[in-house]
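What follows is the content of model-v9.json (JSON, C-alpha atoms).
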```
[["chain", "number", "residue", "atom", "x", "y", "z"],
["A", 25, "MET", "CA", 54.07, 253.75, 304.61],
["A", 26, "GLN", "CA", 53.07, 251.74, 301.53],
["A", 27, "ILE", "CA", 53.12, 252.07, 297.76],
["A", 28, "LYS", "CA", 49.78, 251.43, 296.07],
["A", 29, "ALA", "CA", 49.63, 251.42, 292.26],
["A", 30, "GLY", "CA", 52.77, 253.54, 292.10],
["A", 31, "TRP", "CA", 51.63, 256.10, 294.68],
["A", 32, "LEU", "CA", 53.02, 256.56, 298.19],
["A", 33, "ASP", "CA", 50.02, 256.39, 300.52],
["A", 34, "GLU", "CA", 51.46, 258.85, 303.08],
["A", 35, "ALA", "CA", 52.36, 261.50, 300.51],
["A", 36, "ARG", "CA", 50.38, 264.59, 299.68],
["A", 37, "GLN", "CA", 49.36, 263.96, 296.09],
["A", 38, "VAL", "CA", 49.55, 266.75, 293.54],
["A", 39, "PRO", "CA", 49.37, 265.05, 290.13],
["A", 40, "THR", "CA", 50.98, 266.83, 287.20],
["A", 41, "LYS", "CA", 50.63, 266.50, 283.45],
["A", 42, "ASN", "CA", 54.44, 266.69, 283.14],
["A", 43, "PHE", "CA", 55.16, 262.98, 282.75],
["A", 44, "ASN", "CA", 54.77, 260.13, 280.31],
["A", 45, "GLN", "CA", 55.04, 256.36, 280.24],
["A", 46, "ARG", "CA", 58.37, 254.67, 280.74],
["A", 47, "PRO", "CA", 59.65, 252.99, 277.57],
["A", 48, "LYS", "CA", 58.88, 249.28, 277.33],
["A", 49, "GLY", "CA", 61.58, 247.11, 278.81],
["A", 50, "PHE", "CA", 62.79, 249.70, 281.30],
["A", 51, "ASP", "CA", 62.55, 248.58, 284.91],
["A", 52, "ILE", "CA", 62.92, 251.02, 287.77],
["A", 53, "SER", "CA", 66.55, 250.60, 288.75],
["A", 54, "LEU", "CA", 67.83, 253.94, 290.07],
["A", 55, "ILE", "CA", 66.95, 256.63, 292.60],
["A", 56, "VAL", "CA", 68.20, 260.14, 291.83],
["A", 57, "ILE", "CA", 68.41, 262.69, 294.65],
["A", 58, "HIS", "CA", 68.03, 266.38, 293.80],
["A", 59, "CYS", "CA", 67.39, 269.63, 295.62],
["A", 60, "ILE", "CA", 65.23, 272.62, 294.80],
["A", 61, "SER", "CA", 63.98, 275.81, 296.37],
["A", 62, "LEU", "CA", 62.06, 278.59, 294.67],
["A", 63, "PRO", "CA", 63.20, 281.26, 294.54],
["A", 64, "PRO", "CA", 66.70, 279.87, 295.16],
["A", 65, "ASP", "CA", 67.55, 279.59, 298.87],
["A", 66, "VAL", "CA", 63.98, 280.49, 299.90],
["A", 67, "PHE", "CA", 62.00, 277.72, 301.58],
["A", 68, "ASN", "CA", 58.36, 276.95, 302.33],
["A", 69, "THR", "CA", 56.83, 278.61, 299.30],
["A", 70, "PRO", "CA", 54.12, 277.26, 296.95],
["A", 71, "TYR", "CA", 56.34, 277.74, 293.92],
["A", 72, "VAL", "CA", 57.83, 274.25, 293.73],
["A", 73, "ASP", "CA", 54.31, 272.84, 293.34],
["A", 74, "ASP", "CA", 53.66, 275.49, 290.71],
["A", 75, "LEU", "CA", 56.82, 274.63, 288.77],
["A", 76, "PHE", "CA", 56.13, 270.89, 288.74],
["A", 77, "THR", "CA", 52.47, 271.39, 287.76],
["A", 78, "PHE", "CA", 53.34, 273.87, 284.99],
["A", 79, "THR", "CA", 51.45, 276.74, 286.68],
["A", 80, "LEU", "CA", 54.38, 278.93, 287.80],
["A", 81, "ASP", "CA", 53.59, 282.63, 287.35],
["A", 82, "LYS", "CA", 56.65, 284.31, 285.82],
["A", 83, "ASN", "CA", 55.60, 287.62, 287.40],
["A", 84, "LYS", "CA", 55.85, 286.40, 291.01],
["A", 85, "HIS", "CA", 59.66, 286.67, 291.11],
["A", 86, "PRO", "CA", 62.35, 287.79, 288.62],
["A", 87, "TYR", "CA", 64.04, 284.37, 288.77],
["A", 88, "PHE", "CA", 60.88, 282.71, 287.43],
["A", 89, "GLU", "CA", 61.15, 284.49, 284.06],
["A", 90, "ASN", "CA", 63.70, 281.90, 282.91],
["A", 91, "ILE", "CA", 62.02, 278.78, 284.30],
["A", 92, "TYR", "CA", 58.24, 279.29, 284.24],
["A", 93, "ASN", "CA", 57.77, 277.49, 280.92],
["A", 94, "LEU", "CA", 59.99, 274.46, 281.61],
["A", 95, "GLU", "CA", 58.16, 271.14, 281.59],
["A", 96, "LEU", "CA", 59.72, 269.63, 284.72],
["A", 97, "SER", "CA", 58.52, 267.17, 287.29],
["A", 98, "THR", "CA", 59.72, 264.75, 289.89],
["A", 99, "HIS", "CA", 58.23, 261.79, 291.62],
["A", 100, "LEU", "CA", 58.67, 263.05, 295.19],
["A", 101, "PHE", "CA", 59.47, 266.31, 296.95],
["A", 102, "ILE", "CA", 60.45, 266.26, 300.64],
["A", 103, "LYS", "CA", 60.07, 269.61, 302.36],
["A", 104, "ARG", "CA", 62.30, 270.77, 305.20],
["A", 105, "ASP", "CA", 59.56, 269.86, 307.71],
["A", 106, "GLY", "CA", 59.35, 266.30, 306.31],
["A", 107, "LEU", "CA", 56.12, 266.70, 304.32],
["A", 108, "ILE", "CA", 56.27, 264.48, 301.25],
["A", 109, "THR", "CA", 54.50, 265.46, 298.03],
["A", 110, "GLN", "CA", 54.16, 263.12, 295.06],
["A", 111, "TYR", "CA", 53.60, 264.52, 291.56],
["A", 112, "VAL", "CA", 54.11, 261.45, 289.35],
["A", 113, "SER", "CA", 53.41, 257.75, 289.90],
["A", 114, "PHE", "CA", 56.57, 255.71, 290.35],
["A", 115, "LEU", "CA", 55.35, 253.61, 287.44],
["A", 116, "ASP", "CA", 55.59, 256.60, 285.09],
["A", 117, "ARG", "CA", 58.52, 258.67, 283.83],
["A", 118, "ALA", "CA", 58.97, 262.06, 285.48],
["A", 119, "TYR", "CA", 61.06, 264.83, 283.89],
["A", 120, "HIS", "CA", 63.74, 265.29, 286.55],
["A", 121, "ALA", "CA", 67.12, 264.10, 285.25],
["A", 122, "GLY", "CA", 67.45, 265.70, 281.82],
["A", 123, "VAL", "CA", 70.56, 264.79, 279.86],
["A", 124, "SER", "CA", 72.07, 262.14, 282.11],
["A", 125, "ASN", "CA", 74.10, 258.96, 282.36],
["A", 126, "TYR", "CA", 74.37, 256.35, 285.10],
["A", 127, "GLN", "CA", 76.90, 253.56, 284.73],
["A", 128, "GLY", "CA", 76.84, 253.84, 280.95],
["A", 129, "ARG", "CA", 73.05, 254.07, 280.65],
["A", 130, "GLU", "CA", 71.77, 257.33, 279.21],
["A", 131, "ARG", "CA", 68.38, 259.06, 279.73],
["A", 132, "CYS", "CA", 68.05, 258.27, 283.42],
["A", 133, "ASN", "CA", 64.41, 259.43, 283.45],
["A", 134, "ASP", "CA", 63.58, 256.18, 281.63],
["A", 135, "PHE", "CA", 64.60, 253.97, 284.57],
["A", 136, "SER", "CA", 64.81, 256.16, 287.65],
["A", 137, "ILE", "CA", 62.75, 257.69, 290.42],
["A", 138, "GLY", "CA", 63.48, 261.33, 291.17],
["A", 139, "ILE", "CA", 63.37, 262.63, 294.73],
["A", 140, "GLU", "CA", 63.75, 266.36, 295.35],
["A", 141, "LEU", "CA", 64.72, 267.70, 298.75],
["A", 142, "GLU", "CA", 63.67, 271.22, 299.62],
["A", 143, "GLY", "CA", 67.04, 272.80, 299.97],
["A", 144, "SER", "CA", 70.01, 274.42, 298.39],
["A", 145, "VAL", "CA", 73.62, 273.61, 297.61],
["A", 146, "THR", "CA", 74.59, 276.24, 300.21],
["A", 147, "GLN", "CA", 72.81, 274.82, 303.29],
["A", 148, "ALA", "CA", 72.51, 271.61, 305.28],
["A", 149, "TYR", "CA", 69.38, 269.48, 305.07],
["A", 150, "THR", "CA", 67.17, 268.80, 308.08],
["A", 151, "ASP", "CA", 67.14, 265.69, 310.23],
["A", 152, "ILE", "CA", 63.51, 264.98, 309.34],
["A", 153, "GLN", "CA", 64.35, 265.17, 305.63],
["A", 154, "TYR", "CA", 67.02, 262.50, 306.05],
["A", 155, "HIS", "CA", 64.65, 260.39, 308.13],
["A", 156, "LYS", "CA", 61.87, 260.58, 305.51],
["A", 157, "LEU", "CA", 64.29, 260.10, 302.61],
["A", 158, "LYS", "CA", 65.77, 257.00, 304.22],
["A", 159, "ALA", "CA", 62.31, 255.52, 304.89],
["A", 160, "VAL", "CA", 61.21, 256.17, 301.30],
["A", 161, "ILE", "CA", 64.40, 254.67, 299.87],
["A", 162, "GLU", "CA", 64.01, 251.53, 301.97],
["A", 163, "LEU", "CA", 60.40, 251.14, 300.80],
["A", 164, "LEU", "CA", 61.38, 251.71, 297.16],
["A", 165, "GLN", "CA", 64.15, 249.11, 297.49],
["A", 166, "LYS", "CA", 61.64, 246.56, 298.80],
["A", 167, "THR", "CA", 59.06, 247.40, 296.14],
["A", 168, "TYR", "CA", 61.33, 247.77, 293.10],
["A", 169, "ILE", "CA", 64.12, 245.32, 293.78],
["A", 170, "ASP", "CA", 66.11, 246.31, 290.70],
["A", 171, "ILE", "CA", 67.01, 249.52, 292.55],
["A", 172, "LYS", "CA", 69.16, 247.66, 295.12],
["A", 173, "ASP", "CA", 71.89, 250.16, 296.00],
["A", 174, "ASN", "CA", 71.60, 252.22, 292.82],
["A", 175, "ILE", "CA", 71.23, 255.63, 294.38],
["A", 176, "ALA", "CA", 72.89, 258.69, 292.86],
["A", 177, "THR", "CA", 72.78, 262.45, 293.09],
["A", 178, "HIS", "CA", 71.83, 264.69, 290.20],
["A", 179, "SER", "CA", 75.45, 265.90, 290.09],
["A", 180, "GLN", "CA", 76.67, 262.31, 289.67],
["A", 181, "ILE", "CA", 74.42, 261.55, 286.68],
["A", 182, "ALA", "CA", 74.88, 264.98, 285.06],
["A", 183, "PRO", "CA", 78.40, 266.06, 286.06],
["A", 184, "GLY", "CA", 79.39, 269.53, 284.94],
["A", 185, "ARG", "CA", 75.75, 270.35, 284.20],
["A", 186, "LYS", "CA", 74.22, 269.94, 287.66],
["A", 187, "ASN", "CA", 75.61, 270.38, 291.18],
["A", 188, "ASP", "CA", 72.72, 269.32, 293.37],
["A", 189, "PRO", "CA", 72.06, 268.27, 296.06],
["A", 190, "GLY", "CA", 75.42, 269.87, 296.83],
["A", 191, "PRO", "CA", 78.24, 269.55, 299.35],
["A", 192, "TYR", "CA", 75.96, 269.71, 302.39],
["A", 193, "PHE", "CA", 74.12, 266.54, 301.42],
["A", 194, "ASP", "CA", 75.40, 263.69, 303.62],
["A", 195, "PHE", "CA", 75.03, 260.46, 301.65],
["A", 196, "ASN", "CA", 76.02, 258.42, 304.71],
["A", 197, "ARG", "CA", 72.87, 259.49, 306.56],
["A", 198, "ILE", "CA", 70.65, 257.49, 304.21],
["A", 199, "PHE", "CA", 72.73, 254.32, 304.55],
["A", 200, "ASN", "CA", 73.51, 254.33, 308.27],
["A", 201, "LYS", "CA", 71.06, 253.54, 311.02],
["A", 202, "GLU", "CA", 69.77, 256.65, 312.78]]
```
Turn the structure described in the file into structure tokens.
Amino acid sequence: MQIKAGWLDEARQVPTKNFNQRPKGFDISLIVIHCISLPPDVFNTPYVDDLFTFTLDKNKHPYFENIYNLELSTHLFIKRDGLITQYVSFLDRAYHAGVSNYQGRERCNDFSIGIELEGSVTQAYTDIQYHKLKAVIELLQKTYIDIKDNIATHSQIAPGRKNDPGPYFDFNRIFNKE
């Protein structure tokens, strides 16, 4: 696995228009872990791609009526079977963190990489997801050394507003040897 010009070579690439350039002077120094499933608690659908590429059809499910027009994106999405999809170059700013703060720094999208896990706050993640997430994090740490150990969950950077990846996410699995 390698990063070439901001793109993970082993990832399925589905570029989106939902991104922009990072502000000048902002180095990549944080990884934010999220979870998503569309509809909620339903896995292996095409709707996450649709949401992040701004093509979600609001008529496909009642839940989509409230989210179809949101301009959201993430850098990576790791499905339950381990398939990795990349929507935004690591060099660019994805729209994943929203109103956020990490160690006194606001607007985490400016300096972070967002990684979504296919999942829910009500269920455990798969072994292959942890394996892929750990491998990606190690590569990002080697490539963007300002990241070091700056890894947070969405709930940590947006407390009270977000609760993902939830209580079933085991942070220790990405730091310990498998």
Between atom CA of A:Gln147 and atom CA of A:Pro191 - distance in Å to one decimal: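 Computing the Euclidean distance for atom CA of A:Pro191 and atom CA of A:Gln147 yields 8.5 Å.
Nearest to A:Arg46 of all the residues A:Lys166, A:Lys186, A:Arg117, A:Lys158 is A:Arg117, counting only C-alpha atoms.
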Residue among A:Ile169, A:Ala29, A:Leu94, A:Ile152 lying closest to A:Gly106, counting all atoms listed in the file: A:Ile152
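Closest approach to A:Thr109 from the set A:Asn200, A:Gln180, A:Gln165, A:Ser97 is made by A:Ser97, with distances taken over all atoms listed in the file.
Those residues that approach A:Lys41 to within 9 Å, counting all atoms listed in the file, are Pro39, Phe43, Asn44, Phe76, Thr77, Phe78, Ser97, Tyr111 and Val112 of chain A; same-chain residues fewer than 2 positions away are not listed.
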Best match for closeness to A:Gly128 among A:Leu157, A:Ile181, A:Ala148, A:Ile57, counting only C-alpha atoms: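 Smallest distance to A:Gly128 is found for A:Ile181.
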Anything within 10 Å of (71.6, 267.7, 285.8): list those residues as a PDB file with C-alpha atoms, in the coordinates of the input, counting only C-alpha atoms and sticking to the file's coordinates.
```
ATOM      1  CA  HIS A  58      68.030 266.380 293.800  1.00  0.00           C
ATOM      2  CA  HIS A 120      63.740 265.290 286.550  1.00  0.00           C
ATOM      3  CA  ALA A 121      67.120 264.100 285.250  1.00  0.00           C
ATOM      4  CA  GLY A 122      67.450 265.700 281.820  1.00  0.00           C
ATOM      5  CA  VAL A 123      70.560 264.790 279.860  1.00  0.00           C
ATOM      6  CA  SER A 124      72.070 262.140 282.110  1.00  0.00           C
ATOM      7  CA  ASN A 125      74.100 258.960 282.360  1.00  0.00           C
ATOM      8  CA  THR A 177      72.780 262.450 293.090  1.00  0.00           C
ATOM      9  CA  HIS A 178      71.830 264.690 290.200  1.00  0.00           C
ATOM     10  CA  SER A 179      75.450 265.900 290.090  1.00  0.00           C
ATOM     11  CA  GLN A 180      76.670 262.310 289.670  1.00  0.00           C
ATOM     12  CA  ILE A 181      74.420 261.550 286.680  1.00  0.00           C
ATOM     13  CA  ALA A 182      74.880 264.980 285.060  1.00  0.00           C
ATOM     14  CA  PRO A 183      78.400 266.060 286.060  1.00  0.00           C
ATOM     15  CA  GLY A 184      79.390 269.530 284.940  1.00  0.00           C
ATOM     16  CA  ARG A 185      75.750 270.350 284.200  1.00  0.00           C
ATOM     17  CA  LYS A 186      74.220 269.940 287.660  1.00  0.00           C
ATOM     18  CA  ASN A 187      75.610 270.380 291.180  1.00  0.00           C
ATOM     19  CA  ASP A 188      72.720 269.320 293.370  1.00  0.00           C
TER      20      ASP A 188
END
```
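The space separating atom CA of A:Asp74 from atom CA of A:Phe193 comes to 24.8 Å.
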Point-to-point distance in Å for atom CA of A:Leu163 and atom CA of A:Gln37: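 Separating atom CA of A:Gln37 from atom CA of A:Leu163 is a distance of 17.6 Å.
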Pick from A:Gln45, A:Asn90, A:Asn196, A:Ser53 nearest to A:Tyr168, counting only C-alpha atoms: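 Residue with the minimum atom-to-atom distance to A:Tyr168: A:Ser53.
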Nearest to A:Lys48 by atom-to-atom distance, counting all atoms listed in the file, from A:Asp170, A:Asp116, A:Tyr149, A:Asn68: A:Asp116
Exercise: A:Gln153 partners within 8 Å, only C-alpha atoms, chain neighbours under 2 positions left out, as a ChimeraX atom specification: /A:102-106,141,149-151,155-157
Who sits within 7 Å of A:Val56, only C-alpha atoms, same chain under 4 positions skipped, as a ChimeraX atom specification: /A:136-139,175-178
Residues near A:Val160, cut-off 10 Å, only C-alpha atoms, skip fewer than 6 positions along chain, as an MDAnalysis selection string: chainID A and resid 25:27 32 100 108 139 154 166 198
